[in-house]
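Heads up, my_file-v6.cif below (mmCIF, C-alpha atoms and all ligand atoms):
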```
data_work
loop_
_atom_site.group_PDB
_atom_site.id
_atom_site.type_symbol
_atom_site.label_atom_id
_atom_site.label_comp_id
_atom_site.auth_asym_id
_atom_site.auth_seq_id
_atom_site.Cartn_x
_atom_site.Cartn_y
_atom_site.Cartn_z
ATOM 1 C CA MET A 1 -15.494 14.712 -1.587
ATOM 2 C CA ASN A 2 -16.491 14.583 -5.260
ATOM 3 C CA MET A 3 -14.693 11.847 -7.171
ATOM 4 C CA ALA A 4 -16.935 11.749 -10.241
ATOM 5 C CA GLY A 5 -14.894 10.860 -13.329
ATOM 6 C CA LYS A 6 -11.944 9.560 -11.281
ATOM 7 C CA THR A 7 -10.645 6.002 -11.350
ATOM 8 C CA VAL A 8 -9.111 4.626 -8.167
ATOM 9 C CA LEU A 9 -7.330 1.340 -7.398
ATOM 10 C CA ILE A 10 -7.164 0.227 -3.759
ATOM 11 C CA THR A 11 -5.215 -2.940 -3.038
ATOM 12 C CA GLY A 12 -6.392 -4.993 -0.089
ATOM 13 C CA SER A 13 -9.905 -3.612 -0.256
ATOM 14 C CA THR A 14 -11.760 -6.859 0.449
ATOM 15 C CA ASP A 15 -11.272 -6.336 4.198
ATOM 16 C CA GLY A 16 -10.336 -3.841 6.886
ATOM 17 C CA VAL A 17 -9.578 -0.203 6.221
ATOM 18 C CA GLY A 18 -9.244 -0.709 2.447
ATOM 19 C CA ARG A 19 -12.839 -1.896 2.328
ATOM 20 C CA TYR A 20 -14.011 1.306 4.020
ATOM 21 C CA VAL A 21 -11.895 3.509 1.719
ATOM 22 C CA ALA A 22 -13.233 1.746 -1.392
ATOM 23 C CA THR A 23 -16.814 2.183 -0.220
ATOM 24 C CA GLN A 24 -16.408 5.884 0.541
ATOM 25 C CA LEU A 25 -14.723 6.569 -2.804
ATOM 26 C CA ALA A 26 -17.481 4.714 -4.669
ATOM 27 C CA ILE A 27 -20.137 6.723 -2.814
ATOM 28 C CA ALA A 28 -18.228 9.880 -3.804
ATOM 29 C CA GLY A 29 -18.654 8.893 -7.459
ATOM 30 C CA ALA A 30 -15.292 7.307 -8.303
ATOM 31 C CA LYS A 31 -14.908 4.294 -10.530
ATOM 32 C CA VAL A 32 -13.438 1.958 -7.936
ATOM 33 C CA LEU A 33 -11.135 -0.962 -8.658
ATOM 34 C CA ILE A 34 -11.123 -3.270 -5.669
ATOM 35 C CA HIS A 35 -8.529 -5.952 -5.047
ATOM 36 C CA GLY A 36 -7.934 -8.933 -2.794
ATOM 37 C CA ARG A 37 -7.525 -12.679 -2.847
ATOM 38 C CA ASP A 38 -11.040 -13.732 -1.958
ATOM 39 C CA ARG A 39 -13.820 -13.576 -4.543
ATOM 40 C CA ALA A 40 -16.619 -14.102 -1.992
ATOM 41 C CA ARG A 41 -15.430 -11.184 0.148
ATOM 42 C CA ALA A 42 -15.199 -9.028 -2.998
ATOM 43 C CA LYS A 43 -18.757 -9.978 -3.960
ATOM 44 C CA ALA A 44 -20.056 -9.028 -0.515
ATOM 45 C CA LEU A 45 -18.325 -5.640 -0.809
ATOM 46 C CA SER A 46 -19.741 -5.068 -4.310
ATOM 47 C CA GLU A 47 -23.242 -5.748 -3.001
ATOM 48 C CA GLU A 48 -22.727 -3.342 -0.117
ATOM 49 C CA ILE A 49 -21.475 -0.611 -2.454
ATOM 50 C CA LYS A 50 -24.442 -1.115 -4.769
ATOM 51 C CA ARG A 51 -26.850 -1.001 -1.823
ATOM 52 C CA ALA A 52 -25.295 2.356 -0.898
ATOM 53 C CA GLY A 53 -26.416 3.619 -4.329
ATOM 54 C CA ALA A 54 -22.956 3.734 -5.925
ATOM 55 C CA SER A 55 -21.703 2.075 -9.116
ATOM 56 C CA GLU A 56 -20.544 -1.516 -8.893
ATOM 57 C CA PRO A 57 -16.765 -1.738 -8.407
ATOM 58 C CA THR A 58 -14.519 -3.904 -10.582
ATOM 59 C CA PHE A 59 -12.773 -6.708 -8.725
ATOM 60 C CA TYR A 60 -9.199 -7.823 -9.408
ATOM 61 C CA GLN A 61 -8.064 -11.024 -7.763
ATOM 62 C CA ALA A 62 -4.332 -11.313 -7.161
ATOM 63 C CA ASP A 63 -2.065 -12.779 -4.524
ATOM 64 C CA LEU A 64 0.581 -10.161 -3.852
ATOM 65 C CA SER A 65 2.898 -12.780 -2.386
ATOM 66 C CA SER A 66 3.628 -13.683 -6.006
ATOM 67 C CA LEU A 67 5.360 -11.198 -8.293
ATOM 68 C CA THR A 68 3.852 -12.999 -11.284
ATOM 69 C CA ASP A 69 0.359 -12.393 -9.902
ATOM 70 C CA THR A 70 1.306 -8.800 -9.068
ATOM 71 C CA ARG A 71 2.459 -8.171 -12.638
ATOM 72 C CA LYS A 72 -0.770 -9.691 -13.961
ATOM 73 C CA LEU A 73 -2.786 -7.366 -11.729
ATOM 74 C CA ALA A 74 -0.993 -4.305 -13.118
ATOM 75 C CA ASP A 75 -1.376 -5.552 -16.687
ATOM 76 C CA ALA A 76 -5.111 -6.169 -16.213
ATOM 77 C CA VAL A 77 -5.670 -2.683 -14.766
ATOM 78 C CA LEU A 78 -3.697 -1.111 -17.619
ATOM 79 C CA ALA A 79 -5.608 -3.144 -20.207
ATOM 80 C CA ASP A 80 -9.028 -2.329 -18.757
ATOM 81 C CA HIS A 81 -8.680 1.351 -17.884
ATOM 82 C CA GLY A 82 -7.563 4.311 -19.941
ATOM 83 C CA ARG A 83 -7.037 6.419 -16.842
ATOM 84 C CA LEU A 84 -5.964 5.977 -13.249
ATOM 85 C CA ASP A 85 -6.185 8.939 -10.903
ATOM 86 C CA VAL A 86 -5.350 7.399 -7.542
ATOM 87 C CA PHE A 87 -3.479 4.253 -6.535
ATOM 88 C CA VAL A 88 -3.788 3.341 -2.853
ATOM 89 C CA SER A 89 -1.212 0.682 -1.962
ATOM 90 C CA ASN A 90 -2.898 -0.692 1.120
ATOM 91 C CA ALA A 91 -2.794 -4.510 1.071
ATOM 92 C CA GLY A 92 -0.753 -5.949 3.864
ATOM 93 C CA ILE A 93 -0.222 -8.655 6.395
ATOM 94 C CA GLY A 94 0.363 -7.988 10.062
ATOM 95 C CA SER A 95 3.193 -9.104 12.271
ATOM 96 C CA GLN A 96 1.491 -12.322 13.372
ATOM 97 C CA ASN A 97 -0.812 -13.362 10.495
ATOM 98 C CA GLY A 98 -0.059 -16.960 9.516
ATOM 99 C CA GLY A 99 1.872 -17.700 12.716
ATOM 100 C CA PRO A 100 4.981 -16.438 14.490
ATOM 101 C CA GLY A 101 7.577 -18.134 12.246
ATOM 102 C CA ARG A 102 9.412 -16.737 9.238
ATOM 103 C CA GLN A 103 7.502 -17.261 5.987
ATOM 104 C CA THR A 104 8.523 -16.727 2.381
ATOM 105 C CA SER A 105 6.734 -15.552 -0.733
ATOM 106 C CA ALA A 106 6.241 -17.511 -3.963
ATOM 107 C CA ASP A 107 9.486 -15.910 -5.149
ATOM 108 C CA GLY A 108 11.387 -16.976 -2.019
ATOM 109 C CA TYR A 109 11.519 -13.539 -0.362
ATOM 110 C CA GLU A 110 10.670 -12.826 3.277
ATOM 111 C CA LEU A 111 6.867 -12.649 3.157
ATOM 112 C CA ARG A 112 6.152 -9.268 4.765
ATOM 113 C CA PHE A 113 8.860 -7.549 2.736
ATOM 114 C CA ALA A 114 7.324 -9.137 -0.385
ATOM 115 C CA VAL A 115 3.627 -8.460 0.234
ATOM 116 C CA ASN A 116 3.729 -5.195 2.178
ATOM 117 C CA TYR A 117 6.518 -3.536 0.229
ATOM 118 C CA LEU A 118 7.799 -5.183 -2.976
ATOM 119 C CA ALA A 119 4.332 -5.766 -4.477
ATOM 120 C CA GLY A 120 3.394 -2.086 -4.013
ATOM 121 C CA PHE A 121 6.763 -1.019 -5.421
ATOM 122 C CA LEU A 122 6.226 -3.127 -8.546
ATOM 123 C CA LEU A 123 2.605 -2.027 -8.961
ATOM 124 C CA ALA A 124 3.521 1.653 -8.652
ATOM 125 C CA TYR A 125 6.149 1.388 -11.391
ATOM 126 C CA ARG A 126 3.929 -0.667 -13.702
ATOM 127 C CA LEU A 127 1.007 1.750 -13.222
ATOM 128 C CA LEU A 128 3.070 4.945 -13.512
ATOM 129 C CA PRO A 129 2.533 5.492 -17.249
ATOM 130 C CA ARG A 130 -1.239 5.589 -16.663
ATOM 131 C CA LEU A 131 -0.905 7.815 -13.588
ATOM 132 C CA LYS A 132 1.369 10.198 -15.480
ATOM 133 C CA ALA A 133 -0.924 10.351 -18.508
ATOM 134 C CA GLY A 134 -3.853 11.550 -16.392
ATOM 135 C CA ALA A 135 -1.918 13.782 -13.980
ATOM 136 C CA PRO A 136 -2.513 15.352 -11.543
ATOM 137 C CA SER A 137 -2.739 11.961 -9.900
ATOM 138 C CA ARG A 138 -1.753 10.434 -6.593
ATOM 139 C CA ILE A 139 -0.169 7.400 -5.016
ATOM 140 C CA VAL A 140 -0.838 6.690 -1.335
ATOM 141 C CA ASN A 141 1.319 4.136 0.456
ATOM 142 C CA VAL A 142 -0.366 2.830 3.597
ATOM 143 C CA ALA A 143 2.560 2.300 5.968
ATOM 144 C CA SER A 144 2.726 2.453 9.766
ATOM 145 C CA LEU A 145 4.352 4.074 12.791
ATOM 146 C CA GLY A 146 5.833 0.614 13.380
ATOM 147 C CA GLN A 147 9.197 1.071 11.599
ATOM 148 C CA HIS A 148 12.427 -0.898 11.883
ATOM 149 C CA PRO A 149 15.645 0.031 10.009
ATOM 150 C CA ILE A 150 16.686 -2.255 7.196
ATOM 151 C CA ASP A 151 19.835 -4.291 7.773
ATOM 152 C CA PHE A 152 21.143 -4.523 4.223
ATOM 153 C CA ASP A 153 23.243 -7.543 5.189
ATOM 154 C CA ASP A 154 20.087 -9.523 6.005
ATOM 155 C CA VAL A 155 17.061 -7.922 4.343
ATOM 156 C CA MET A 156 15.292 -11.291 4.168
ATOM 157 C CA LEU A 157 15.648 -11.705 7.948
ATOM 158 C CA THR A 158 17.222 -15.133 7.883
ATOM 159 C CA ARG A 159 18.682 -14.466 11.364
ATOM 160 C CA ASP A 160 16.826 -13.439 14.532
ATOM 161 C CA TYR A 161 13.446 -13.343 12.795
ATOM 162 C CA SER A 162 10.503 -11.751 14.529
ATOM 163 C CA GLY A 163 7.138 -10.958 12.972
ATOM 164 C CA SER A 164 7.076 -7.455 14.410
ATOM 165 C CA ARG A 165 10.529 -6.671 13.014
ATOM 166 C CA ALA A 166 9.534 -8.089 9.608
ATOM 167 C CA TYR A 167 6.355 -5.992 9.588
ATOM 168 C CA ALA A 168 8.129 -2.822 10.737
ATOM 169 C CA GLN A 169 10.961 -3.270 8.210
ATOM 170 C CA SER A 170 8.437 -3.591 5.381
ATOM 171 C CA LYS A 171 6.615 -0.471 6.552
ATOM 172 C CA LEU A 172 9.781 1.638 6.703
ATOM 173 C CA ALA A 173 10.674 0.365 3.219
ATOM 174 C CA GLN A 174 7.339 1.738 1.967
ATOM 175 C CA ILE A 175 8.122 5.138 3.480
ATOM 176 C CA MET A 176 11.661 5.174 2.025
ATOM 177 C CA PHE A 177 10.211 4.298 -1.381
ATOM 178 C CA THR A 178 7.683 7.129 -1.048
ATOM 179 C CA ILE A 179 10.434 9.716 -0.514
ATOM 180 C CA ASP A 180 12.553 8.259 -3.294
ATOM 181 C CA LEU A 181 9.712 8.060 -5.820
ATOM 182 C CA ALA A 182 8.515 11.584 -4.997
ATOM 183 C CA ARG A 183 11.959 12.903 -5.996
ATOM 184 C CA GLU A 184 11.896 10.906 -9.206
ATOM 185 C CA LEU A 185 8.417 12.215 -10.032
ATOM 186 C CA GLU A 186 9.174 15.897 -9.446
ATOM 187 C CA GLY A 187 7.561 17.921 -12.232
ATOM 188 C CA SER A 188 5.313 15.049 -13.355
ATOM 189 C CA ARG A 189 2.281 16.148 -11.280
ATOM 190 C CA VAL A 190 2.086 12.618 -9.877
ATOM 191 C CA THR A 191 2.421 12.892 -6.105
ATOM 192 C CA VAL A 192 3.182 10.122 -3.634
ATOM 193 C CA ASN A 193 2.733 10.208 0.132
ATOM 194 C CA SER A 194 2.661 7.627 2.904
ATOM 195 C CA LEU A 195 0.949 7.395 6.255
ATOM 196 C CA HIS A 196 0.217 5.631 9.486
ATOM 197 C CA PRO A 197 -3.603 5.519 9.233
ATOM 198 C CA ALA A 198 -4.458 4.934 12.915
ATOM 199 C CA THR A 199 -3.206 2.821 15.805
ATOM 200 C CA TYR A 200 -4.676 -0.663 16.154
ATOM 201 C CA MET A 201 -7.821 -0.246 14.137
ATOM 202 C CA ASN A 202 -10.488 -2.872 14.585
ATOM 203 C CA THR A 203 -9.437 -5.034 11.618
ATOM 204 C CA THR A 204 -8.627 -8.683 10.938
ATOM 205 C CA MET A 205 -4.901 -7.941 11.081
ATOM 206 C CA VAL A 206 -5.131 -6.509 14.579
ATOM 207 C CA ARG A 207 -7.600 -9.057 15.924
ATOM 208 C CA GLU A 208 -5.551 -11.991 14.550
ATOM 209 C CA GLY A 209 -2.501 -10.486 16.235
ATOM 210 C CA GLY A 210 -4.311 -10.852 19.573
ATOM 211 C CA ILE A 211 -4.299 -7.068 20.078
ATOM 212 C CA ALA A 212 -7.250 -5.173 21.556
ATOM 213 C CA PRO A 213 -8.335 -2.569 18.956
ATOM 214 C CA MET A 214 -7.805 1.083 19.927
ATOM 215 C CA SER A 215 -9.119 2.927 16.852
ATOM 216 C CA THR A 216 -11.958 2.563 14.411
ATOM 217 C CA VAL A 217 -11.605 1.683 10.762
ATOM 218 C CA GLU A 218 -13.299 5.003 9.981
ATOM 219 C CA GLN A 219 -10.529 6.965 11.741
ATOM 220 C CA GLY A 220 -7.768 5.310 9.729
ATOM 221 C CA GLY A 221 -9.834 5.280 6.568
ATOM 222 C CA ASP A 222 -10.480 9.007 6.740
ATOM 223 C CA ALA A 223 -6.720 9.625 7.064
ATOM 224 C CA ILE A 224 -6.139 7.573 3.894
ATOM 225 C CA LEU A 225 -8.934 9.444 2.100
ATOM 226 C CA HIS A 226 -7.298 12.719 3.140
ATOM 227 C CA LEU A 227 -4.067 11.793 1.330
ATOM 228 C CA ALA A 228 -5.979 10.363 -1.629
ATOM 229 C CA THR A 229 -8.335 13.284 -2.187
ATOM 230 C CA GLY A 230 -7.647 16.239 0.144
ATOM 231 C CA ASP A 231 -7.324 19.618 -1.611
ATOM 232 C CA ASP A 232 -4.652 20.628 0.918
ATOM 233 C CA LEU A 233 -2.452 17.780 -0.378
ATOM 234 C CA ALA A 234 -2.502 19.015 -3.990
ATOM 235 C CA GLY A 235 1.078 19.206 -5.267
ATOM 236 C CA LYS A 236 2.549 17.881 -1.999
ATOM 237 C CA SER A 237 4.740 14.820 -2.292
ATOM 238 C CA GLY A 238 7.220 12.661 -0.431
ATOM 239 C CA LEU A 239 5.593 13.245 2.947
ATOM 240 C CA PHE A 240 4.757 10.921 5.834
ATOM 241 C CA PHE A 241 1.612 11.459 7.873
ATOM 242 C CA ASN A 242 0.609 10.159 11.283
ATOM 243 C CA ALA A 243 -3.150 10.027 10.712
ATOM 244 C CA MET A 244 -4.117 13.578 9.641
ATOM 245 C CA ARG A 245 -0.817 15.284 10.532
ATOM 246 C CA GLU A 246 2.510 15.434 8.762
ATOM 247 C CA ALA A 247 5.109 13.592 10.843
ATOM 248 C CA LYS A 248 8.724 12.431 10.867
ATOM 249 C CA ALA A 249 9.449 8.819 10.000
ATOM 250 C CA HIS A 250 12.385 6.733 11.284
ATOM 251 C CA SER A 251 15.760 8.416 10.567
ATOM 252 C CA GLN A 252 16.738 5.774 7.984
ATOM 253 C CA ALA A 253 13.995 7.178 5.728
ATOM 254 C CA TYR A 254 16.061 10.381 5.376
ATOM 255 C CA ASP A 255 19.339 8.573 4.677
ATOM 256 C CA ASP A 256 20.006 9.107 0.954
ATOM 257 C CA ALA A 257 22.465 6.216 0.757
ATOM 258 C CA ALA A 258 20.043 3.775 2.398
ATOM 259 C CA ARG A 259 17.228 4.787 0.067
ATOM 260 C CA LYS A 260 19.524 4.403 -2.940
ATOM 261 C CA ARG A 261 20.487 0.945 -1.750
ATOM 262 C CA LEU A 262 16.874 -0.048 -1.203
ATOM 263 C CA ARG A 263 15.888 1.196 -4.654
ATOM 264 C CA ALA A 264 18.674 -0.788 -6.363
ATOM 265 C CA LEU A 265 17.745 -3.928 -4.430
ATOM 266 C CA SER A 266 14.012 -3.510 -5.115
ATOM 267 C CA LEU A 267 14.488 -2.963 -8.843
ATOM 268 C CA GLU A 268 16.554 -6.128 -8.951
ATOM 269 C CA LEU A 269 14.202 -8.243 -6.797
ATOM 270 C CA THR A 270 11.124 -7.228 -8.794
ATOM 271 C CA GLY A 271 12.846 -7.787 -12.129
ATOM 272 C CA LEU A 272 12.360 -4.153 -13.161
ATOM 273 C CA ILE A 273 16.007 -4.012 -14.223
HETATM 274 N N1 LIG A 301 -4.940 -2.162 11.467
HETATM 275 C C1 LIG A 301 -4.140 -1.212 11.914
HETATM 276 O O1 LIG A 301 -4.269 -0.751 13.047
HETATM 277 C C2 LIG A 301 -3.053 -0.661 11.035
HETATM 278 C C3 LIG A 301 -2.151 0.265 11.584
HETATM 279 C C4 LIG A 301 -1.148 0.790 10.779
HETATM 280 C C5 LIG A 301 -1.088 0.422 9.451
HETATM 281 N N2 LIG A 301 -1.984 -0.476 8.934
HETATM 282 C C6 LIG A 301 -1.864 -0.848 7.528
HETATM 283 O O2 LIG A 301 -3.136 -0.721 6.900
HETATM 284 C C7 LIG A 301 -3.214 -1.628 5.797
HETATM 285 C C8 LIG A 301 -4.529 -2.387 5.859
HETATM 286 O O3 LIG A 301 -4.556 -3.135 7.065
HETATM 287 P P1 LIG A 301 -5.897 -3.678 7.733
HETATM 288 O O4 LIG A 301 -5.720 -3.504 9.178
HETATM 289 O O5 LIG A 301 -7.074 -3.105 7.034
HETATM 290 O O6 LIG A 301 -5.744 -5.236 7.400
HETATM 291 P P2 LIG A 301 -6.798 -6.390 7.087
HETATM 292 O O7 LIG A 301 -8.151 -6.082 7.625
HETATM 293 O O8 LIG A 301 -6.129 -7.645 7.527
HETATM 294 O O9 LIG A 301 -6.912 -6.351 5.501
HETATM 295 C C9 LIG A 301 -5.790 -6.634 4.718
HETATM 296 C C10 LIG A 301 -6.140 -6.589 3.253
HETATM 297 O O10 LIG A 301 -4.935 -6.915 2.515
HETATM 298 C C11 LIG A 301 -5.207 -8.027 1.696
HETATM 299 N N3 LIG A 301 -4.057 -8.941 1.597
HETATM 300 C C12 LIG A 301 -3.345 -9.495 2.613
HETATM 301 N N4 LIG A 301 -2.416 -10.328 2.129
HETATM 302 C C13 LIG A 301 -2.544 -10.298 0.774
HETATM 303 C C14 LIG A 301 -1.881 -10.963 -0.285
HETATM 304 N N5 LIG A 301 -0.902 -11.856 -0.082
HETATM 305 N N6 LIG A 301 -2.286 -10.702 -1.540
HETATM 306 C C15 LIG A 301 -3.297 -9.839 -1.782
HETATM 307 N N7 LIG A 301 -3.958 -9.185 -0.830
HETATM 308 C C16 LIG A 301 -3.593 -9.426 0.443
HETATM 309 C C17 LIG A 301 -6.385 -8.753 2.332
HETATM 310 O O11 LIG A 301 -7.037 -9.505 1.335
HETATM 311 P P3 LIG A 301 -7.842 -10.859 1.657
HETATM 312 O O12 LIG A 301 -9.274 -10.435 1.832
HETATM 313 O O13 LIG A 301 -7.624 -11.642 0.423
HETATM 314 O O14 LIG A 301 -7.239 -11.447 2.909
HETATM 315 C C18 LIG A 301 -7.204 -7.585 2.846
HETATM 316 O O15 LIG A 301 -8.009 -7.069 1.830
HETATM 317 C C19 LIG A 301 -1.978 -2.521 5.874
HETATM 318 O O16 LIG A 301 -1.008 -2.083 4.956
HETATM 319 C C20 LIG A 301 -1.494 -2.300 7.307
HETATM 320 O O17 LIG A 301 -0.111 -2.519 7.449
HETATM 321 C C21 LIG A 301 -2.954 -1.029 9.694
#
```
Could you take the file, read its structure, and then write that structure out as structure tokens?
Amino acid sequence: MNMAGKTVLITGSTDGVGRYVATQLAIAGAKVLIHGRDRARAKALSEEIKRAGASEPTFYQADLSSLTDTRKLADAVLADHGRLDVFVSNAGIGSQNGGPGRQTSADGYELRFAVNYLAGFLLAYRLLPRLKAGAPSRIVNVASLGQHPIDFDDVMLTRDYSGSRAYAQSKLAQIMFTIDLARELEGSRVTVNSLHPATYMNTTMVREGGIAPMSTVEQGGDAILHLATGDDLAGKSGLFFNAMREAKAHSQAYDDAARKRLRALSLELTGLI
């Protein structure tokens, strides 16, 4: 992997699999833009990357449960960098983080839908001009095999809330967005793919959920790096991968009407229209 001259943004890179991906990309020579909420965790990662002999990453602090903060993150990246080659939309919260009850974002949306999906949707659109200008470029949406169909009558899960349903709905939304955006970007040489990195990696999200880890961060991280940099992915777009292999997502992902509905709702909720 040679990423010299490339600029890469990885959201949620202060912890877990994003941290590993950021480190590997920095070692491969990329200019790495790391993101999270916690400055101390970002500093520790910067030190680790420098110790590995790579260039110091640039840290962006933003809480993706606020669309205002999300917009500011995109604006700061656009202001600071003339090129962006890869955007890895990885930040996320698990099904149980913060307790079993329904939570809402700063904008009043169901929290997992907001952080795991809407923030990445907004960032992708705000960053697109930069990605297009430097094409070929890539977007990688870190989703999951945990997928639940969206009930368009209750997207914010005000009835029968469960953390696992909220998580799985947000993850399917990411995959639906990936397919939709890939169609929109045909001919632009900006590709967008999504994946399930690995099952129950040993990360904060999994441990806080009380689940015994089954995979390593390296396994999931290498699957993300494959989509972000793999030569075999050049020109391929709109796909879903289970780790290293192309896979089928939940059937709602292939429902044109559902994707159209999700796009209209997302544009409205993020203020893009
Ligand atoms: N772990 C698994 O087995 C697994 C399986 C399938 C898919 N995934 C997906 O992989 C991605 C990474 O998960 P992980 O297991 O590495 O999780 P993790 O260790 O809990 O790390 C999550 C990252 O997201 C950031 N984040 C969380 N909430 C945020 C918010 N409101 N605003 C900004 N940043 C926020 C965290 O930042 P802070 O440092 O500020 O907390 C952290 O950097 C997620 O999208 C997850 O759904 C994970």
Next on the checklist: Report as an NGL selection string all protein, DNA and RNA residues lying within 12 Å of Ala173 of chain A, evaluated on only C-alpha atoms, omitting residues in the same chain fewer than 2 positions from it.
Outcome noted: :A and (112-121 or 141-144 or 146-152 or 155 or 166-171 or 175-181 or 194 or 249-250 or 252-254 or 258-263 or 265-266)
Next on the checklist: Set the distance at 7 Å and use only C-alpha atoms: which residues neighbour Ala228 of chain A once local chain neighbours fewer than 6 positions away are removed? I'd like the list as a VMD selection string.
Outcome noted: chain A and resid 86 138 140
Next, the residues of the selection above should be written as a CSV table (one decimal), in the frame of the given file with C-alpha atoms.
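Saved result, again-v2.csv, follows:
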```csv
chain,number,residue,atom,x,y,z
A,86,VAL,CA,-5.4,7.4,-7.5
A,138,ARG,CA,-1.8,10.4,-6.6
A,140,VAL,CA,-0.8,6.7,-1.3
```
Next on the checklist: I'd like to see the residues matched by the PyMOL selection byres (((chain A and resi 187-189) around 8) and not hetatm) on this file, and ideally I'd get them as a list in words.
Outcome noted: Lys132, Ala135, Pro136, Ser137, Leu185, Glu186, Val190, Thr191 and Gly235 of chain A
Run the PyMOL selection byres (((chain A and resi 17-31) around 9) and not hetatm) against the file shown and list the residues it catches, as a compact mmCIF listing (two decimals) with C-alpha atoms, keeping the file's coordinate frame.
```
# COMPACT_ATOMS: atom_id res chain seq x y z
CA MET A 1 -15.49 14.71 -1.59
CA ASN A 2 -16.49 14.58 -5.26
CA MET A 3 -14.69 11.85 -7.17
CA ALA A 4 -16.93 11.75 -10.24
CA GLY A 5 -14.89 10.86 -13.33
CA LYS A 6 -11.94 9.56 -11.28
CA THR A 7 -10.64 6.00 -11.35
CA VAL A 8 -9.11 4.63 -8.17
CA LEU A 9 -7.33 1.34 -7.40
CA ILE A 10 -7.16 0.23 -3.76
CA THR A 11 -5.22 -2.94 -3.04
CA GLY A 12 -6.39 -4.99 -0.09
CA SER A 13 -9.90 -3.61 -0.26
CA THR A 14 -11.76 -6.86 0.45
CA ASP A 15 -11.27 -6.34 4.20
CA GLY A 16 -10.34 -3.84 6.89
CA VAL A 32 -13.44 1.96 -7.94
CA LEU A 33 -11.14 -0.96 -8.66
CA ILE A 34 -11.12 -3.27 -5.67
CA LEU A 45 -18.32 -5.64 -0.81
CA SER A 46 -19.74 -5.07 -4.31
CA GLU A 48 -22.73 -3.34 -0.12
CA ILE A 49 -21.48 -0.61 -2.45
CA ALA A 52 -25.30 2.36 -0.90
CA GLY A 53 -26.42 3.62 -4.33
CA ALA A 54 -22.96 3.73 -5.92
CA SER A 55 -21.70 2.08 -9.12
CA GLU A 56 -20.54 -1.52 -8.89
CA PRO A 57 -16.76 -1.74 -8.41
CA THR A 58 -14.52 -3.90 -10.58
CA VAL A 88 -3.79 3.34 -2.85
CA ASN A 90 -2.90 -0.69 1.12
CA ALA A 91 -2.79 -4.51 1.07
CA PRO A 197 -3.60 5.52 9.23
CA MET A 201 -7.82 -0.25 14.14
CA ASN A 202 -10.49 -2.87 14.58
CA THR A 203 -9.44 -5.03 11.62
CA THR A 216 -11.96 2.56 14.41
CA VAL A 217 -11.60 1.68 10.76
CA GLU A 218 -13.30 5.00 9.98
CA GLY A 220 -7.77 5.31 9.73
CA GLY A 221 -9.83 5.28 6.57
CA ASP A 222 -10.48 9.01 6.74
CA ILE A 224 -6.14 7.57 3.89
CA LEU A 225 -8.93 9.44 2.10
```
Return the padded bounding box of segment 39-54 of chain A as AutoDock Vina command-line options: axis-aligned, built from all atoms listed in the file, 8 Å added on each side, with centre and edge lengths in Å to one decimal.
```
--center_x -20.3 --center_y -5.2 --center_z -2.9 --size_x 29.0 --size_y 33.8 --size_z 22.1
```
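The coordinates place atom C1 of ligand LIG 301 (chain A) at 25.8 Å from atom CA of Ala234 of chain A.
If all atoms listed in the file are the atoms counted, then among A:Met214, A:Ala40, A:Leu78, A:Met205 the closest residue to ligand LIG 301 (chain A) is A:Met205.
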Checklist entry - Rounded to one decimal in Å, what is the spacing between atom O15 of ligand LIG 301 (chain A) and atom CA of Ala182 of chain A? => result 25.8 Å
